[in-house]
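Visitor: The structure under discussion is supplied below as structure tokens; questions concerning it will follow.
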Amino acid sequence: MDKKIEKEIYRLRKELSDYNCKYYNFDTSDVSDFHFDKKLEKLSLLEKKHPEFYDPASPTMKIGEKIQEHSSFYHKYKMYSLQNTYSQKELIIWGKKINKSIRSLSFVCEPKYDGVSINLIYQNGYLTNAATRGDGEKGENVTENIKTIKYVPLKLKGNNYPSYLEIRGEVFISKKNFIEINKKRIKNGQQPYANPRNTASGTLKIHDHKKVSKRNLFCIAFHVIGKNLPFETQYESLKYIKNWGFQVPETAHFCKNIEDVLHVIDIFSLCKNRLPYQTDGIVIKVNEHEKQSLLGYTNKYPRWAIAYKFRQTLSETKLLSITFQVGRTGVITPVANVVPIYISGTTVKRVVLYNKSFIQKMGIHHGDSLLLEKGGNIIPKVTEINIQERSNKALPVFFLKKCPSCNQTLTKKKELLYCTNKNCSSQRIERIRHFVSKKAMNIKKIGIEMIKKLYKKGFLYSFFNLYELKREDLVQIDGVKEKLAYSIIKNIKKSKENSFYRVLYALGIPHVGEYVSKKLTEYFWDINSLMNANYDHLISISGIGKKITESVINYFSINENKHAIKMMIKYGLNFSKHSISKKFSFLKGKSFVFTGKLSCMTRHDAKNIIEDLGGKVYNTVNNKMNFIVVGKNFGSKLKKSISKNHVQILTENLFLDMLKEAKKREKNQIL
């Protein structure tokens, strides 16, 4: 039993840590706050019952996520997270619990803003530093970006404040401003942002202060830390914070007891959607500072505060049908096709149902009314079934026993069902789709429909068949004229210039993504040395674990894969770093940083070109860089680079000339 519990604790820790990493480092989330908090609560209960599995790095102990050292700021006073509840019953229990140790408590209720926690340092009234919460001990230094927010005073008003002061608050984007930003992005052909919280977080990480200023970020201040403060309660502090020049929670309420708090929650739940900013609940704080000190803190939360969170309103739609998709690794993914419904800014037509266990657990029947929410306002998810709407004749949804593409009997591995037939047409098509994708070989004008047509005609079965395609083959495909055929052939030929790691990634070896592909090509100079590497050699490489090692060895043990690689070498693809070091010696060892927008290509494309030519690209100014490429609307990186004598400044035209010269030398070289 202990082993089973230990395994469940480890699983929950890993899952929650992955969610935290995406949320804090990449401003994305594929799980709702409610489901995250419930998983965290489950983990916390298991850890309390089984202290023998204590781990100080558990998500129940940690706040936020790690911050990169180069941009970190250490907090003088720790920044805590907030304990969450979605239940008024649990809120009453919390009130009774703290009342046992301290009598006669009053409370303050404030909106819980859905933004980024910020710490503002004021010395002698002047703003000296600003940092995000980070892991609570240290956050990201965002001082220059915070200075662009007009609601943050660079100097406090008046003179009634201590010499050292920390103001805690939240940075966010108003609903109206968020809509305007997305309108402009759509007009410019860009993807709209997912939600205001992620947009605010991403904005604070932008290195161009002019761009940050244009986003019109908003800041609400609601907490003060310091010595010799001129007030003794939270409610009184808000008046002082406002007088110092900040925006404060105008809807903050003083409550004599928990009954008053419950009344405020009921009122707020009716009007929360009318507010100009996004909120996901109410923060309840003990009012008296002295009593806050007596209640103290856990490792993660203040005992004197709690967040009552509102569950996202569920959207109801009808299940039309279920499609079973076959992935390139053979995994079968069920997808619900639903009556289109508008949720959090997008129209939802399809919802992933994950696996067989999820369908069984939810008890989904054909024609059911599904209640949907968006995890983190991004990914739609089935949360509940409206059973009252179910027909008496409705039949339960059963997972397929055979592959919908090739009729092979499915094999179960953990929670997933796989088609193990590697000749399955759907798997082959999906593998080719991955091979031609932008991050892999980047062969433009060959999308999924073109791949399907070429496969059906017998022109495309394996990766190397792409390099055997002729113009006369392509014009046999419906909708392909001479001009398009010429363009496709040209793009296929161009893909031969891709570097070794890109080709390795394009092979689609299970568990070998971009990062692992780069890692492997650092240790193995050509494909032959990698194909012949033994288990001990592979697993000794930092970052290459058992799963990756076994996957690589298994992939290269299959004769068809070895034959495909042999053919692609024959057709001139880069399966070696030796040839690259000769061909692209012009940029070998050179490092670049970009600032501003390039007119002729995206930064991602420029990065790929430089890496293919043997160079390296950094995101920030450092002592290792050799060049800074300056585009339109450049930011502070240029100013920082000027002081570095070893850095050469390139305009976009000079940068393009450099690339032309590199390719010219490559062309003139004899391999």
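As shown in the structure tokens, the chain order sets the letters A, B, ...; within each chain, residues go from 1, and ligands are also counted from 1 in the order they appear.
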DSSP on the backbone, strand (DSSP E) only: what residues of stretch 252-420 of chain A does that give? Format it as a ChimeraX atom specification.

Guide: /A:253-255,279-286,305-309,315-326,332-343,346-352,369-375,379-385,411-413,416-418

Visitor: Do you know which residues are at most 7 Å from stretch 521-536 of chain A counting only C-alpha atoms, after dropping those on the same chain fewer than 2 positions away, and could you put them as a PyMOL selection string?

Guide: chain A and resi 500-501+517-519+538-540+549+556+575-578

Visitor: Would you mind listing what lies within 9 Å of stretch 242-259 of chain A as a VMD selection string, with only C-alpha atoms counted and same-chain residues fewer than 5 positions away left out?

Guide: chain A and resid 91 to 92 95 to 96 104 to 111 151 to 153 155 to 161 169 218 to 222 235 237 264 287

Visitor: So which residues touch A:Ile429 within 9 Å, counting only C-alpha atoms, skipping near sequence neighbours fewer than 4 positions away, as a compact mmCIF listing (two decimals) with C-alpha atoms, in the first residue's frame?

Guide:
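Below you can see part11.txt, which holds the result:
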```
# COMPACT_ATOMS: atom_id res chain seq x y z
CA ARG A 328 2.31 9.60 -35.34
CA CYS A 424 -0.77 2.19 -40.42
CA SER A 425 -1.52 4.87 -43.05
CA ARG A 433 3.34 15.89 -41.33
CA HIS A 434 5.77 16.26 -38.40
CA ILE A 448 -1.79 17.66 -44.23
CA ILE A 451 0.36 14.79 -47.80
CA LYS A 452 -2.85 12.73 -47.83
CA TYR A 455 0.09 9.26 -50.06
CA LEU A 460 4.66 9.45 -50.63
CA TYR A 461 5.23 6.59 -48.19
CA SER A 462 8.39 7.50 -46.28
```

Visitor: Rank A:Gln83, A:Thr651, A:Thr203, A:Thr60 by their smallest atom-to-atom distance to A:Trp304, using only C-alpha atoms, and report the top residue only.

Guide: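 For A:Trp304, the nearest of the candidates is A:Gln83.
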
Visitor: Neighbours of stretch 311-325 of chain A within 7 Å (only C-alpha atoms; same-chain residues fewer than 3 positions away dropped), as an MDAnalysis selection string?

Guide: chainID A and resid 34 332:339 341 366:373 404

Visitor: Keeping only C-alpha atoms, write those residues as a PDB file, in the first residue's frame.

Guide:
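Done, and the output landed in again-v8.pdb:
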```pdb
ATOM      1  CA  PHE A  34     -10.318  24.840  -9.665  1.00  0.00           C
ATOM      2  CA  ILE A 332      -5.437   6.942 -30.196  1.00  0.00           C
ATOM      3  CA  THR A 333      -7.007  10.194 -28.979  1.00  0.00           C
ATOM      4  CA  PRO A 334     -10.799  10.572 -28.740  1.00  0.00           C
ATOM      5  CA  VAL A 335     -12.153  13.990 -29.733  1.00  0.00           C
ATOM      6  CA  ALA A 336     -15.719  15.168 -29.092  1.00  0.00           C
ATOM      7  CA  ASN A 337     -17.336  17.062 -31.965  1.00  0.00           C
ATOM      8  CA  VAL A 338     -19.847  19.444 -30.362  1.00  0.00           C
ATOM      9  CA  VAL A 339     -22.408  22.060 -31.364  1.00  0.00           C
ATOM     10  CA  ILE A 341     -20.197  27.348 -28.637  1.00  0.00           C
ATOM     11  CA  HIS A 366     -23.911   9.541 -27.245  1.00  0.00           C
ATOM     12  CA  GLY A 367     -25.897  12.775 -27.623  1.00  0.00           C
ATOM     13  CA  ASP A 368     -25.068  13.972 -24.099  1.00  0.00           C
ATOM     14  CA  SER A 369     -25.236  17.600 -22.999  1.00  0.00           C
ATOM     15  CA  LEU A 370     -21.654  18.448 -22.043  1.00  0.00           C
ATOM     16  CA  LEU A 371     -20.665  21.168 -19.579  1.00  0.00           C
ATOM     17  CA  LEU A 372     -17.398  22.749 -20.710  1.00  0.00           C
ATOM     18  CA  GLU A 373     -14.845  25.088 -19.206  1.00  0.00           C
ATOM     19  CA  PRO A 404      -9.941   3.324 -37.066  1.00  0.00           C
TER      20      PRO A 404
END
```

Visitor: Tell me which of A:Ile93, A:Leu613, A:Ile9, A:Val629 sits closest to A:Tyr54, counting only C-alpha atoms.

Guide: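 Looking only at the distances to A:Tyr54, the closest residue turns out to be A:Ile9.
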
Visitor: Excluding A:Tyr308 and its own-chain neighbours fewer than 6 positions away, which residues fall within 8 Å of it when counting only C-alpha atoms? Please give them as a list of chain:residue names.

Guide: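 Those residues are A:Asn84, A:Thr85, A:Tyr86, A:Ser87, A:Gln88, A:Leu91, A:Gly281, A:Ile282, A:Val283, A:Ile284.
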
Visitor: Could you write those residues out with N, CA and C atoms, as a compact mmCIF listing (two decimals), in the first residue's frame?

Guide:
```txt
# COMPACT_ATOMS: atom_id res chain seq x y z
N ASN A 84 -6.46 28.77 -1.02
CA ASN A 84 -7.69 28.96 -1.78
C ASN A 84 -8.81 28.07 -1.26
N THR A 85 -10.03 28.53 -1.39
CA THR A 85 -11.19 27.68 -1.14
C THR A 85 -12.28 28.08 -2.13
N TYR A 86 -13.10 27.09 -2.50
CA TYR A 86 -14.24 27.35 -3.38
C TYR A 86 -15.56 27.14 -2.64
N SER A 87 -15.45 26.91 -1.32
CA SER A 87 -16.60 26.54 -0.52
C SER A 87 -16.81 27.51 0.64
N GLN A 88 -18.04 28.02 0.79
CA GLN A 88 -18.35 28.90 1.92
C GLN A 88 -18.26 28.13 3.24
N LEU A 91 -14.75 28.17 4.25
CA LEU A 91 -14.41 29.52 4.69
C LEU A 91 -14.83 29.73 6.15
N GLY A 281 -12.17 35.94 -7.70
CA GLY A 281 -12.61 35.66 -6.34
C GLY A 281 -12.45 36.86 -5.43
N ILE A 282 -12.48 36.58 -4.12
CA ILE A 282 -12.33 37.61 -3.10
C ILE A 282 -11.25 37.17 -2.12
N VAL A 283 -10.39 38.11 -1.73
CA VAL A 283 -9.37 37.84 -0.70
C VAL A 283 -9.91 38.35 0.63
N ILE A 284 -9.92 37.48 1.63
CA ILE A 284 -10.38 37.85 2.97
C ILE A 284 -9.16 37.92 3.88
```

Visitor: For a test of reading the model, state the distance in Å between atom CA of A:Gln648 and atom CA of A:Ile628, rounded to one decimal.

Guide: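 So the answer is 6.4 Å.
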
Visitor: In Å to one decimal, how far is atom CA of A:Ser17 from atom CA of A:Lys76?

Guide: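 Pair atom CA of A:Lys76 / atom CA of A:Ser17 returns 25.4 Å.
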
Visitor: Just give me the gap between atom CA of A:Asn559 and atom CA of A:Lys401 in Å, one decimal is fine.

Guide: 28.4 Å

Visitor: Kindly indicate which residue among A:Lys42, A:Lys439, A:Arg428, A:Lys660 lies nearest to A:Leu454, using only C-alpha atoms for the distances.

Guide: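 For A:Leu454, the nearest of the given residues is A:Arg428.
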
Visitor: List every residue of stretch 360-478 of chain A that DSSP, applied to the backbone, labels as helix (DSSP H, G or I), and write the result as a PyMOL selection string.

Guide: chain A and resi 360-362+387-389+425-436+448-457+463-468+471-474

Visitor: Could you dump the residues just selected with N, CA and C atoms as a short mmCIF file (atom, residue, chain, number, x, y, z; two decimals), in the first residue's frame?

Guide:
```
data_model
loop_
_atom_site.label_atom_id
_atom_site.label_comp_id
_atom_site.auth_asym_id
_atom_site.auth_seq_id
_atom_site.Cartn_x
_atom_site.Cartn_y
_atom_site.Cartn_z
N GLN A 360 -14.80 6.79 -19.43
CA GLN A 360 -15.49 5.92 -18.48
C GLN A 360 -15.79 6.66 -17.17
N LYS A 361 -14.81 7.43 -16.71
CA LYS A 361 -14.97 8.17 -15.45
C LYS A 361 -16.10 9.20 -15.56
N MET A 362 -16.15 9.90 -16.71
CA MET A 362 -17.20 10.89 -16.91
C MET A 362 -18.54 10.25 -17.23
N ILE A 387 -26.90 15.17 -16.86
CA ILE A 387 -27.61 13.89 -16.99
C ILE A 387 -29.11 14.09 -17.17
N GLN A 388 -29.65 15.21 -16.62
CA GLN A 388 -31.08 15.47 -16.74
C GLN A 388 -31.52 15.60 -18.21
N GLU A 389 -30.57 16.02 -19.06
CA GLU A 389 -30.87 16.20 -20.48
C GLU A 389 -30.66 14.93 -21.30
N SER A 425 -1.59 3.70 -42.16
CA SER A 425 -1.52 4.87 -43.05
C SER A 425 -1.63 6.18 -42.27
N SER A 426 -2.50 6.23 -41.25
CA SER A 426 -2.65 7.47 -40.47
C SER A 426 -1.37 7.84 -39.74
N GLN A 427 -0.69 6.82 -39.18
CA GLN A 427 0.58 7.07 -38.49
C GLN A 427 1.62 7.58 -39.47
N ARG A 428 1.68 6.97 -40.64
CA ARG A 428 2.67 7.38 -41.64
C ARG A 428 2.42 8.83 -42.09
N ILE A 429 1.17 9.15 -42.31
CA ILE A 429 0.81 10.52 -42.73
C ILE A 429 1.17 11.52 -41.64
N GLU A 430 0.89 11.18 -40.37
CA GLU A 430 1.20 12.08 -39.26
C GLU A 430 2.71 12.24 -39.07
N ARG A 431 3.47 11.17 -39.33
CA ARG A 431 4.94 11.25 -39.20
C ARG A 431 5.52 12.17 -40.28
N ILE A 432 4.96 12.07 -41.50
CA ILE A 432 5.41 12.95 -42.59
C ILE A 432 5.00 14.39 -42.29
N ARG A 433 3.81 14.55 -41.71
CA ARG A 433 3.34 15.89 -41.33
C ARG A 433 4.31 16.53 -40.34
N HIS A 434 4.78 15.75 -39.37
CA HIS A 434 5.77 16.26 -38.40
C HIS A 434 7.09 16.59 -39.11
N PHE A 435 7.50 15.73 -40.02
CA PHE A 435 8.77 15.90 -40.73
C PHE A 435 8.82 17.22 -41.49
N VAL A 436 7.71 17.61 -42.14
CA VAL A 436 7.70 18.83 -42.96
C VAL A 436 7.36 20.08 -42.15
N ILE A 448 -1.23 18.99 -44.47
CA ILE A 448 -1.79 17.66 -44.23
C ILE A 448 -2.62 17.15 -45.41
N GLU A 449 -3.38 18.04 -46.06
CA GLU A 449 -4.21 17.61 -47.19
C GLU A 449 -3.35 17.20 -48.38
N MET A 450 -2.28 17.96 -48.63
CA MET A 450 -1.36 17.62 -49.72
C MET A 450 -0.69 16.27 -49.44
N ILE A 451 -0.28 16.06 -48.18
CA ILE A 451 0.36 14.79 -47.80
C ILE A 451 -0.60 13.62 -48.04
N LYS A 452 -1.85 13.80 -47.65
CA LYS A 452 -2.85 12.73 -47.83
C LYS A 452 -3.03 12.40 -49.31
N LYS A 453 -3.09 13.43 -50.15
CA LYS A 453 -3.28 13.21 -51.59
C LYS A 453 -2.08 12.49 -52.20
N LEU A 454 -0.87 12.94 -51.81
CA LEU A 454 0.35 12.30 -52.33
C LEU A 454 0.47 10.86 -51.86
N TYR A 455 0.05 10.62 -50.62
CA TYR A 455 0.09 9.26 -50.06
C TYR A 455 -0.89 8.35 -50.82
N LYS A 456 -2.09 8.89 -51.04
CA LYS A 456 -3.13 8.11 -51.73
C LYS A 456 -2.72 7.77 -53.16
N LYS A 457 -2.00 8.70 -53.80
CA LYS A 457 -1.54 8.48 -55.19
C LYS A 457 -0.34 7.54 -55.26
N PHE A 463 9.76 9.35 -45.50
CA PHE A 463 10.35 10.69 -45.57
C PHE A 463 11.14 10.91 -46.86
N PHE A 464 11.97 9.92 -47.22
CA PHE A 464 12.89 10.12 -48.35
C PHE A 464 12.17 10.25 -49.68
N ASN A 465 10.88 9.77 -49.73
CA ASN A 465 10.10 9.91 -50.97
C ASN A 465 9.87 11.37 -51.34
N LEU A 466 9.92 12.27 -50.34
CA LEU A 466 9.78 13.70 -50.61
C LEU A 466 10.86 14.18 -51.57
N TYR A 467 12.06 13.63 -51.41
CA TYR A 467 13.22 14.06 -52.20
C TYR A 467 13.29 13.36 -53.56
N GLU A 468 12.30 12.49 -53.81
CA GLU A 468 12.19 11.82 -55.11
C GLU A 468 11.05 12.41 -55.95
N ARG A 471 8.20 17.30 -60.64
CA ARG A 471 7.14 18.24 -61.02
C ARG A 471 5.97 17.51 -61.65
N GLU A 472 6.26 16.51 -62.52
CA GLU A 472 5.19 15.79 -63.22
C GLU A 472 4.35 14.94 -62.26
N ASP A 473 4.93 14.54 -61.10
CA ASP A 473 4.15 13.82 -60.07
C ASP A 473 3.15 14.77 -59.42
N LEU A 474 3.65 15.94 -59.08
CA LEU A 474 2.83 16.90 -58.33
C LEU A 474 1.64 17.42 -59.14
#
```

Visitor: For A:Asn653, list every protein, DNA or RNA residue within 12 Å, evaluated using only C-alpha atoms, and leave out those in the same chain fewer than 5 positions away; present the list as a ChimeraX atom specification.

Guide: /A:598-600,629-632,658-660

Visitor: Only C-alpha atoms, please: the residues just picked out, written as a tab-separated table (two decimals), in the first residue's frame.

Guide:
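File produced: again28.tsv:
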```tsv
chain	number	residue	atom	x	y	z
A	598	LEU	CA	12.95	42.48	-38.80
A	599	SER	CA	10.98	43.34	-41.95
A	600	CYS	CA	12.05	40.37	-44.08
A	629	VAL	CA	21.06	42.97	-35.11
A	630	VAL	CA	18.94	46.13	-34.93
A	631	GLY	CA	15.45	46.13	-36.45
A	632	LYS	CA	12.54	48.58	-36.34
A	658	MET	CA	26.43	38.75	-43.86
A	659	LEU	CA	24.06	35.84	-44.54
A	660	LYS	CA	24.57	36.21	-48.30
```
